>>> print(open('model-v1.cif').read())   # mmCIF, C-alpha atoms
data_protein
loop_
_atom_site.label_atom_id
_atom_site.label_comp_id
_atom_site.auth_asym_id
_atom_site.auth_seq_id
_atom_site.Cartn_x
_atom_site.Cartn_y
_atom_site.Cartn_z
CA MET A 24 39.06 24.94 -29.22
CA LEU A 25 36.60 22.56 -30.84
CA ILE A 26 33.27 22.66 -28.99
CA LEU A 27 30.79 19.82 -29.18
CA THR A 28 27.59 19.03 -27.32
CA ARG A 29 26.92 15.46 -26.23
CA LYS A 30 24.21 13.70 -24.31
CA LEU A 31 25.14 11.52 -21.37
CA GLY A 32 26.33 8.15 -22.55
CA GLU A 33 27.59 9.53 -25.85
CA SER A 34 31.26 9.66 -26.84
CA ILE A 35 33.80 11.50 -28.92
CA THR A 36 36.88 10.06 -30.60
CA ILE A 37 40.31 11.66 -30.93
CA GLY A 38 42.56 10.20 -33.59
CA ASP A 39 42.29 6.47 -34.05
CA ASP A 40 43.02 5.40 -30.52
CA ILE A 41 41.28 7.68 -28.08
CA LYS A 42 37.65 7.66 -27.02
CA ILE A 43 35.99 9.86 -24.41
CA THR A 44 32.59 9.00 -22.99
CA PHE A 45 30.40 11.28 -20.84
CA LEU A 46 29.02 9.06 -18.15
CA GLU A 47 27.04 11.13 -15.68
CA THR A 48 26.72 14.50 -14.07
CA LYS A 49 26.38 15.16 -10.37
CA GLY A 50 25.70 18.79 -9.54
CA LYS A 51 28.63 20.72 -10.97
CA GLN A 52 30.73 17.62 -11.63
CA VAL A 53 30.99 15.53 -14.77
CA ARG A 54 32.14 11.93 -14.78
CA ILE A 55 34.17 11.16 -17.90
CA GLY A 56 35.48 7.82 -19.15
CA ILE A 57 38.66 7.78 -21.24
CA GLU A 58 39.97 4.95 -23.38
CA ALA A 59 43.48 5.45 -24.68
CA PRO A 60 46.60 3.34 -25.36
CA PRO A 61 49.21 3.11 -22.56
CA HIS A 62 51.68 5.54 -24.09
CA ILE A 63 49.10 8.32 -24.06
CA THR A 64 49.08 9.91 -20.62
CA VAL A 65 45.80 11.25 -19.28
CA HIS A 66 45.77 13.63 -16.33
CA ARG A 67 43.70 16.30 -14.69
CA GLU A 68 45.01 19.48 -16.27
CA GLU A 69 45.98 21.30 -13.08
CA ILE A 70 48.11 18.39 -11.83
CA TYR A 71 49.77 18.06 -15.23
CA GLN A 72 50.68 21.77 -15.14
CA LEU A 73 51.96 21.48 -11.58
CA ILE A 74 54.28 18.59 -12.46
CA ARG A 75 55.39 20.27 -15.65
CA GLU A 76 56.24 23.46 -13.78
CA GLN A 77 58.14 21.53 -11.13
CA ASN A 78 60.16 19.69 -13.78
CA ILE A 79 61.10 22.97 -15.41
CA GLN A 80 62.29 24.36 -12.09
CA ALA A 81 64.25 21.18 -11.42
CA ALA A 82 65.94 21.32 -14.82
CA ASN A 83 67.16 24.79 -14.02
CA VAL A 84 70.23 23.56 -12.19
CA GLU A 85 72.73 25.73 -14.01
CA SER A 86 73.62 27.41 -10.77
CA ILE A 87 74.47 24.07 -9.19
CA GLU A 88 77.94 23.06 -10.22
CA LYS A 89 78.59 19.35 -10.15
CA GLU A 90 81.15 20.04 -7.43
CA THR A 91 78.60 21.50 -5.02
CA LEU A 92 76.21 18.55 -5.15
CA PRO A 93 78.24 16.41 -2.71
CA ASN A 94 78.42 19.41 -0.34
CA ILE A 95 74.67 19.81 -0.48
CA TRP A 96 74.23 16.18 0.45
CA ASP A 97 76.71 16.42 3.32
CA GLY A 98 74.87 19.44 4.68
CA LEU A 99 71.51 17.69 4.41
CA LYS A 100 72.82 14.49 5.96
CA HIS A 101 74.08 16.48 8.90
CA MET A 102 70.71 18.19 9.36
CA LEU A 103 68.72 15.00 8.97
CA LEU A 104 70.88 13.11 11.46
CA LYS A 105 70.61 15.93 13.97
CA ASP A 106 66.86 15.81 13.53
CA GLN A 107 66.86 12.07 14.18
CA GLN A 108 68.89 12.52 17.35
CA LYS A 109 66.47 15.10 18.71
CA ARG A 110 63.70 12.52 19.01
CA MET B 13 78.11 7.24 -28.95
CA ASN B 14 79.63 10.49 -27.74
CA ILE B 15 77.72 13.48 -26.52
CA ILE B 16 78.72 16.92 -25.31
CA THR B 17 77.22 17.83 -21.97
CA THR B 18 77.28 21.13 -20.18
CA ARG B 19 78.44 19.74 -16.87
CA PHE B 20 80.65 16.83 -17.73
CA GLY B 21 82.08 17.88 -21.07
CA GLU B 22 82.21 15.20 -23.69
CA ILE B 23 81.19 11.81 -22.46
CA ASP B 24 81.31 8.46 -24.10
CA VAL B 25 77.99 6.72 -23.67
CA ASP B 26 77.84 2.99 -23.36
CA GLU B 27 74.86 1.90 -25.52
CA SER B 28 73.76 -0.52 -22.83
CA LYS B 29 73.29 2.37 -20.40
CA ILE B 30 70.84 4.33 -22.53
CA ILE B 31 67.40 4.66 -20.95
CA ASP B 32 64.51 5.07 -23.35
CA MET B 33 61.77 7.38 -21.98
CA ARG B 34 58.55 5.86 -23.19
CA ALA B 35 56.50 8.91 -22.41
CA GLY B 36 59.06 11.60 -21.74
CA ILE B 37 59.55 13.83 -18.77
CA ILE B 38 56.49 16.06 -18.54
CA GLY B 39 57.32 19.38 -20.12
CA PHE B 40 60.30 17.81 -21.87
CA GLU B 41 58.52 15.23 -23.96
CA HIS B 42 60.91 15.79 -26.87
CA LEU B 43 63.75 14.26 -24.82
CA LYS B 44 63.64 10.53 -25.38
CA LYS B 45 67.04 9.21 -24.32
CA PHE B 46 68.69 9.58 -20.94
CA MET B 47 71.54 8.16 -18.98
CA LEU B 48 71.95 7.83 -15.24
CA HIS B 49 75.28 9.28 -14.19
CA ILE B 50 76.50 8.46 -10.73
CA GLN B 51 79.04 11.14 -9.98
CA ASP B 52 80.34 9.75 -6.72
CA GLU B 53 79.45 6.50 -5.00
CA LYS B 54 79.11 8.24 -1.63
CA ASN B 55 76.65 10.83 -2.88
CA PRO B 56 73.08 9.62 -3.40
CA PHE B 57 72.30 12.60 -5.65
CA TRP B 58 72.71 11.32 -9.18
CA TRP B 59 72.38 12.99 -12.56
CA PHE B 60 69.73 11.98 -15.06
CA GLN B 61 71.43 13.29 -18.17
CA SER B 62 69.61 13.92 -21.46
CA LEU B 63 71.38 12.38 -24.43
CA ASP B 64 69.32 14.46 -26.84
CA GLU B 65 70.25 17.82 -25.34
CA GLY B 66 73.57 17.93 -23.52
CA ALA B 67 72.59 20.99 -21.53
CA ILE B 68 69.69 19.27 -19.81
CA ALA B 69 70.16 17.07 -16.78
CA PHE B 70 68.05 16.46 -13.71
CA VAL B 71 69.31 15.79 -10.23
CA VAL B 72 67.63 12.61 -9.03
CA ILE B 73 67.73 10.40 -5.98
CA ASN B 74 66.52 6.97 -5.00
CA PRO B 75 63.42 7.95 -2.97
CA PHE B 76 63.97 5.24 -0.37
CA VAL B 77 67.09 7.07 0.78
CA ILE B 78 64.94 9.92 2.05
CA LYS B 79 61.64 8.13 2.60
CA ALA B 80 61.98 4.48 3.54
CA ASP B 81 58.22 3.80 3.41
CA TYR B 82 57.65 5.30 -0.04
CA GLU B 83 55.06 3.10 -1.71
CA PRO B 84 53.89 4.44 -5.05
CA MET B 85 51.13 2.51 -6.82
CA ILE B 86 52.00 1.79 -10.43
CA ASP B 87 48.88 1.02 -12.44
CA ASP B 88 48.38 -1.74 -15.01
CA ASN B 89 48.70 0.61 -17.96
CA ASP B 90 52.14 1.72 -16.89
CA THR B 91 53.20 -1.79 -15.92
CA LYS B 92 52.32 -2.85 -19.45
CA LEU B 93 53.94 0.16 -21.08
CA LEU B 94 57.17 -0.39 -19.19
CA GLU B 95 57.06 -4.18 -19.79
CA ILE B 96 57.48 -4.82 -16.10
CA LYS B 97 57.43 -8.55 -15.34
CA ASN B 98 58.20 -8.42 -11.62
CA ALA B 99 59.05 -5.95 -8.86
CA ASP B 100 62.80 -6.56 -9.23
CA ASP B 101 62.72 -4.95 -12.65
CA VAL B 102 61.76 -1.60 -11.15
CA VAL B 103 64.07 1.21 -10.07
CA LEU B 104 62.50 4.42 -8.83
CA LEU B 105 64.04 7.85 -9.13
CA VAL B 106 62.57 11.11 -7.92
CA ILE B 107 63.51 14.48 -9.34
CA VAL B 108 65.27 16.88 -6.99
CA THR B 109 64.72 20.62 -7.15
CA ILE B 110 67.44 22.78 -5.68
CA ARG B 111 66.64 26.44 -5.21
CA GLN B 112 68.93 29.28 -4.27
CA ASN B 113 68.00 32.48 -2.45
CA PRO B 114 66.68 31.13 -0.23
CA PHE B 115 68.36 27.78 -0.40
CA SER B 116 66.05 24.76 -0.38
CA VAL B 117 66.01 21.19 -1.61
CA SER B 118 62.82 19.30 -2.41
CA VAL B 119 61.98 16.08 -4.20
CA ASN B 120 58.93 15.31 -6.29
CA LEU B 121 57.31 12.27 -4.69
CA ARG B 122 54.13 12.75 -6.69
CA ALA B 123 55.72 12.06 -10.06
CA PRO B 124 58.57 9.56 -9.82
CA ILE B 125 60.53 8.32 -12.79
CA VAL B 126 59.77 4.61 -12.96
CA VAL B 127 62.52 2.66 -14.66
CA ASN B 128 62.43 -0.89 -15.92
CA ALA B 129 66.10 -1.50 -15.20
CA ARG B 130 66.16 -4.76 -17.11
CA LYS B 131 64.83 -3.32 -20.35
CA LYS B 132 66.14 0.23 -19.84
CA ILE B 133 62.80 1.90 -20.45
CA ALA B 134 61.25 4.54 -18.22
CA LYS B 135 58.39 6.92 -17.72
CA GLN B 136 57.57 9.76 -15.36
CA VAL B 137 54.41 8.50 -13.66
CA ILE B 138 52.02 10.89 -11.93
CA LEU B 139 50.62 9.12 -8.88
CA GLU B 140 46.99 9.29 -7.83
CA ASP B 141 47.85 9.44 -4.12
CA PRO B 142 47.57 13.05 -2.92
CA ALA B 143 49.57 12.19 0.20
CA TYR B 144 52.75 12.30 -1.86
CA PRO B 145 53.69 15.94 -2.42
CA VAL B 146 55.16 17.49 -5.52
CA ARG B 147 57.57 19.28 -3.19
CA TYR B 148 58.75 17.11 -0.34
CA TYR B 149 61.26 19.39 1.35
CA LEU B 150 64.48 17.95 2.66
CA THR B 151 65.83 21.24 3.93
CA ALA B 152 62.91 21.99 6.23
CA ALA B 153 63.52 18.63 7.87
CA GLY B 154 63.29 20.12 11.35
CA SER B 155 59.81 21.55 10.89
CA GLY B 156 58.72 18.75 8.55
CA GLU B 157 56.79 21.09 6.29
CA GLN B 158 55.82 19.86 2.88
CA VAL B 159 53.72 21.35 0.12
CA SER B 160 50.77 19.22 -0.84
CA ILE B 161 49.05 19.32 -4.19
CA ALA B 162 46.48 21.90 -3.12
CA GLY B 163 49.25 24.21 -1.97
CA ASP B 164 48.38 23.79 1.72
CA TYR B 165 51.16 23.35 4.22
CA LYS B 166 50.95 20.25 6.38
CA LYS B 167 53.05 19.96 9.51
CA ARG B 168 54.24 16.44 10.10
CA ASP B 169 55.93 15.33 13.29
CA ASP B 170 57.06 12.06 11.86
CA CYS B 171 59.26 13.46 9.13
CA GLU B 172 61.31 10.69 7.66
CA ALA B 173 65.04 10.91 8.18
CA ALA B 174 67.42 9.19 5.86
CA SER B 175 69.09 6.15 7.32
CA LEU B 176 72.65 6.24 6.21
#
>>> encode(input="model-v1.cif", output="structure tokens")
Amino acid sequence: MLILTRKLGESITIGDDIKITFLETKGKQVRIGIEAPPHITVHREEIYQLIREQNIQAANVESIEKETLPNIWDGLKHMLLKDQQKR
Amino acid sequence: MNIITTRFGEIDVDESKIIDMRAGIIGFEHLKKFMLHIQDEKNPFWWFQSLDEGAIAFVVINPFVIKADYEPMIDDNDTKLLEIKNADDVVLLVIVTIRQNPFSVSVNLRAPIVVNARKKIAKQVILEDPAYPVRYYLTAAGSGEQVSIAGDYKKRDDCEAASL
């Protein structure tokens, strides 16, 4: 990991298209400004990891044969309709 | 073009059906080209099939089928990236996770796949709104439990039911 020290208001650049500016600190929090082109996605790391993990789980559908998918929907539909009728 | 898939064998892909992922599916950024495969008109679960790796396909669903008031905010950056000119261009798909032992079905409302249907380009967008969970359970419909981003369980009495 590259470690740099900046003063508030100063920036760092990544590649040609990304600039990060340190705007202010408030107690333990740091406010950071990021300029990047649209195809570069910027996210809080923990949310990125959460989504990534969920995608990996979702891609693991080997156990679901294409034949069982309609059955799963029928089962769900039945449950959801029953739920609707209860109210 | 022809590709070999794990589930559907060899399929002939109509060039006009190829969806170009502008920023990839998170964790699968190397997969750039997908196709939406509707297995059966009566089943809202569709397959989002990778054309780069035949073994990889995601089960997806139109989120409005299971949550009629789904209202994700797409920001300007993404609107520009996906060349969206008006709301009619947009098709939303959410990724379905099916687990066995115990059996459960959830959809990711926090990170929908936003498709510009006109230009056939798409991106998985992570929404800012924490009210949309990464795991919106369909199978716990009775209790209405969903997992929110912080991992807390929230009981909701107004769990949306699909209108069919």
>>> residues_around(input="model-v1.cif", residues="region 91-94 of chain A", least_positions_apart="3", cutoff="8 Å", atoms="only C-alpha atoms", output="compact mmCIF listing (two decimals) with C-alpha atoms, in the coordinates of the input")
# COMPACT_ATOMS: atom_id res chain seq x y z
CA ILE A 87 74.47 24.07 -9.19
CA GLU A 88 77.94 23.06 -10.22
CA ASP A 97 76.71 16.42 3.32
CA GLY A 98 74.87 19.44 4.68
CA ASN B 55 76.65 10.83 -2.88
CA PHE B 57 72.30 12.60 -5.65
>>> atom_distance(input="model-v1.cif", atom1="CA of Ala59 (chain A)", atom2="CA of Gly32 (chain A)")
17.5 Å
>>> closest_residue(input="model-v1.cif", among="B:Ala129, B:Pro142, B:Ser116, B:Met85", to="Leu48 (chain B)", atoms="only C-alpha atoms")
B:Ala129
>>> residues_around(input="model-v1.cif", residues="Val127 (chain B)", least_positions_apart="4", cutoff="7 Å", atoms="all atoms listed in the file", output="compact mmCIF listing (two decimals) with C-alpha atoms, in the frame of the given file")
# COMPACT_ATOMS: atom_id res chain seq x y z
CA VAL B 102 61.76 -1.60 -11.15
CA VAL B 103 64.07 1.21 -10.07
CA LEU B 104 62.50 4.42 -8.83
CA LYS B 132 66.14 0.23 -19.84
CA ILE B 133 62.80 1.90 -20.45
CA ALA B 134 61.25 4.54 -18.22
CA LYS B 135 58.39 6.92 -17.72
>>> closest_atom_pairs(input="model-v1.cif", of="chain B", to="chain A", cutoff="7 Å", atoms="only C-alpha atoms", output="JSON lines")
{"residue": "B:Arg19", "atom": "CA", "partner": "A:Lys89", "partner_atom": "CA", "distance": 6.7}
{"residue": "B:Arg34", "atom": "CA", "partner": "A:His62", "partner_atom": "CA", "distance": 6.9}
{"residue": "B:Ala35", "atom": "CA", "partner": "A:His62", "partner_atom": "CA", "distance": 6.1}
{"residue": "B:Ile38", "atom": "CA", "partner": "A:Arg75", "partner_atom": "CA", "distance": 5.2}
{"residue": "B:Gly39", "atom": "CA", "partner": "A:Arg75", "partner_atom": "CA", "distance": 4.9}
{"residue": "B:Asn55", "atom": "CA", "partner": "A:Pro93", "partner_atom": "CA", "distance": 5.8}
{"residue": "B:Ile68", "atom": "CA", "partner": "A:Ala82", "partner_atom": "CA", "distance": 6.6}
{"residue": "B:Ala69", "atom": "CA", "partner": "A:Ala82", "partner_atom": "CA", "distance": 6.3}
{"residue": "B:Phe70", "atom": "CA", "partner": "A:Ala82", "partner_atom": "CA", "distance": 5.4}
{"residue": "B:Asn89", "atom": "CA", "partner": "A:Pro61", "partner_atom": "CA", "distance": 5.3}
{"residue": "B:Asp90", "atom": "CA", "partner": "A:Pro61", "partner_atom": "CA", "distance": 6.5}
{"residue": "B:Leu93", "atom": "CA", "partner": "A:Pro61", "partner_atom": "CA", "distance": 5.8}
{"residue": "B:Val108", "atom": "CA", "partner": "A:Ala81", "partner_atom": "CA", "distance": 6.3}
{"residue": "B:Thr109", "atom": "CA", "partner": "A:Ala81", "partner_atom": "CA", "distance": 4.3}
{"residue": "B:Ile110", "atom": "CA", "partner": "A:Ala81", "partner_atom": "CA", "distance": 6.8}
{"residue": "B:Thr151", "atom": "CA", "partner": "A:Leu99", "partner_atom": "CA", "distance": 6.7}
{"residue": "B:Ala153", "atom": "CA", "partner": "A:Leu103", "partner_atom": "CA", "distance": 6.4}
{"residue": "B:Gly154", "atom": "CA", "partner": "A:Asp106", "partner_atom": "CA", "distance": 6.0}
{"residue": "B:Ala173", "atom": "CA", "partner": "A:Leu103", "partner_atom": "CA", "distance": 5.6}
{"residue": "B:Ala174", "atom": "CA", "partner": "A:Leu103", "partner_atom": "CA", "distance": 6.7}
>>> residues_around(input="model-v1.cif", residues="Ile86 (chain B)", least_positions_apart="4", cutoff="10 Å", atoms="only C-alpha atoms", output="JSON, numbers by chain")
{"B": [90, 91, 126, 137, 138, 139, 140]}
>>> atom_distance(input="model-v1.cif", atom1="CA of Val72 (chain B)", atom2="CA of Pro124 (chain B)")
9.6 Å
>>> atom_distance(input="model-v1.cif", atom1="CA of Asp32 (chain B)", atom2="CA of Ile107 (chain B)")
16.9 Å
>>> residues_around(input="model-v1.cif", residues="Leu31 (chain A)", least_positions_apart="4", cutoff="10 Å", atoms="all atoms listed in the file", output="ChimeraX atom specification")
/A:44-48,53-55
>>> resolve_selection(input="model-v1.cif", expression="the PyMOL selection byres ((chain B and resi 20) around 10)", output="VMD selection string")
(chain A and resid 89) or (chain B and resid 15 to 19 21 to 23 49 51 61 66 to 67)
>>> resolve_selection(input="model-v1.cif", expression="the PyMOL selection byres ((chain B and resi 46) around 7)", output="VMD selection string")
chain B and resid 30 to 32 44 to 45 47 to 48 60 to 63
>>> resolve_selection(input="model-v1.cif", expression="the PyMOL selection byres ((chain A and resi 57) around 6)", output="ChimeraX atom specification")
/A:42-43,56,58
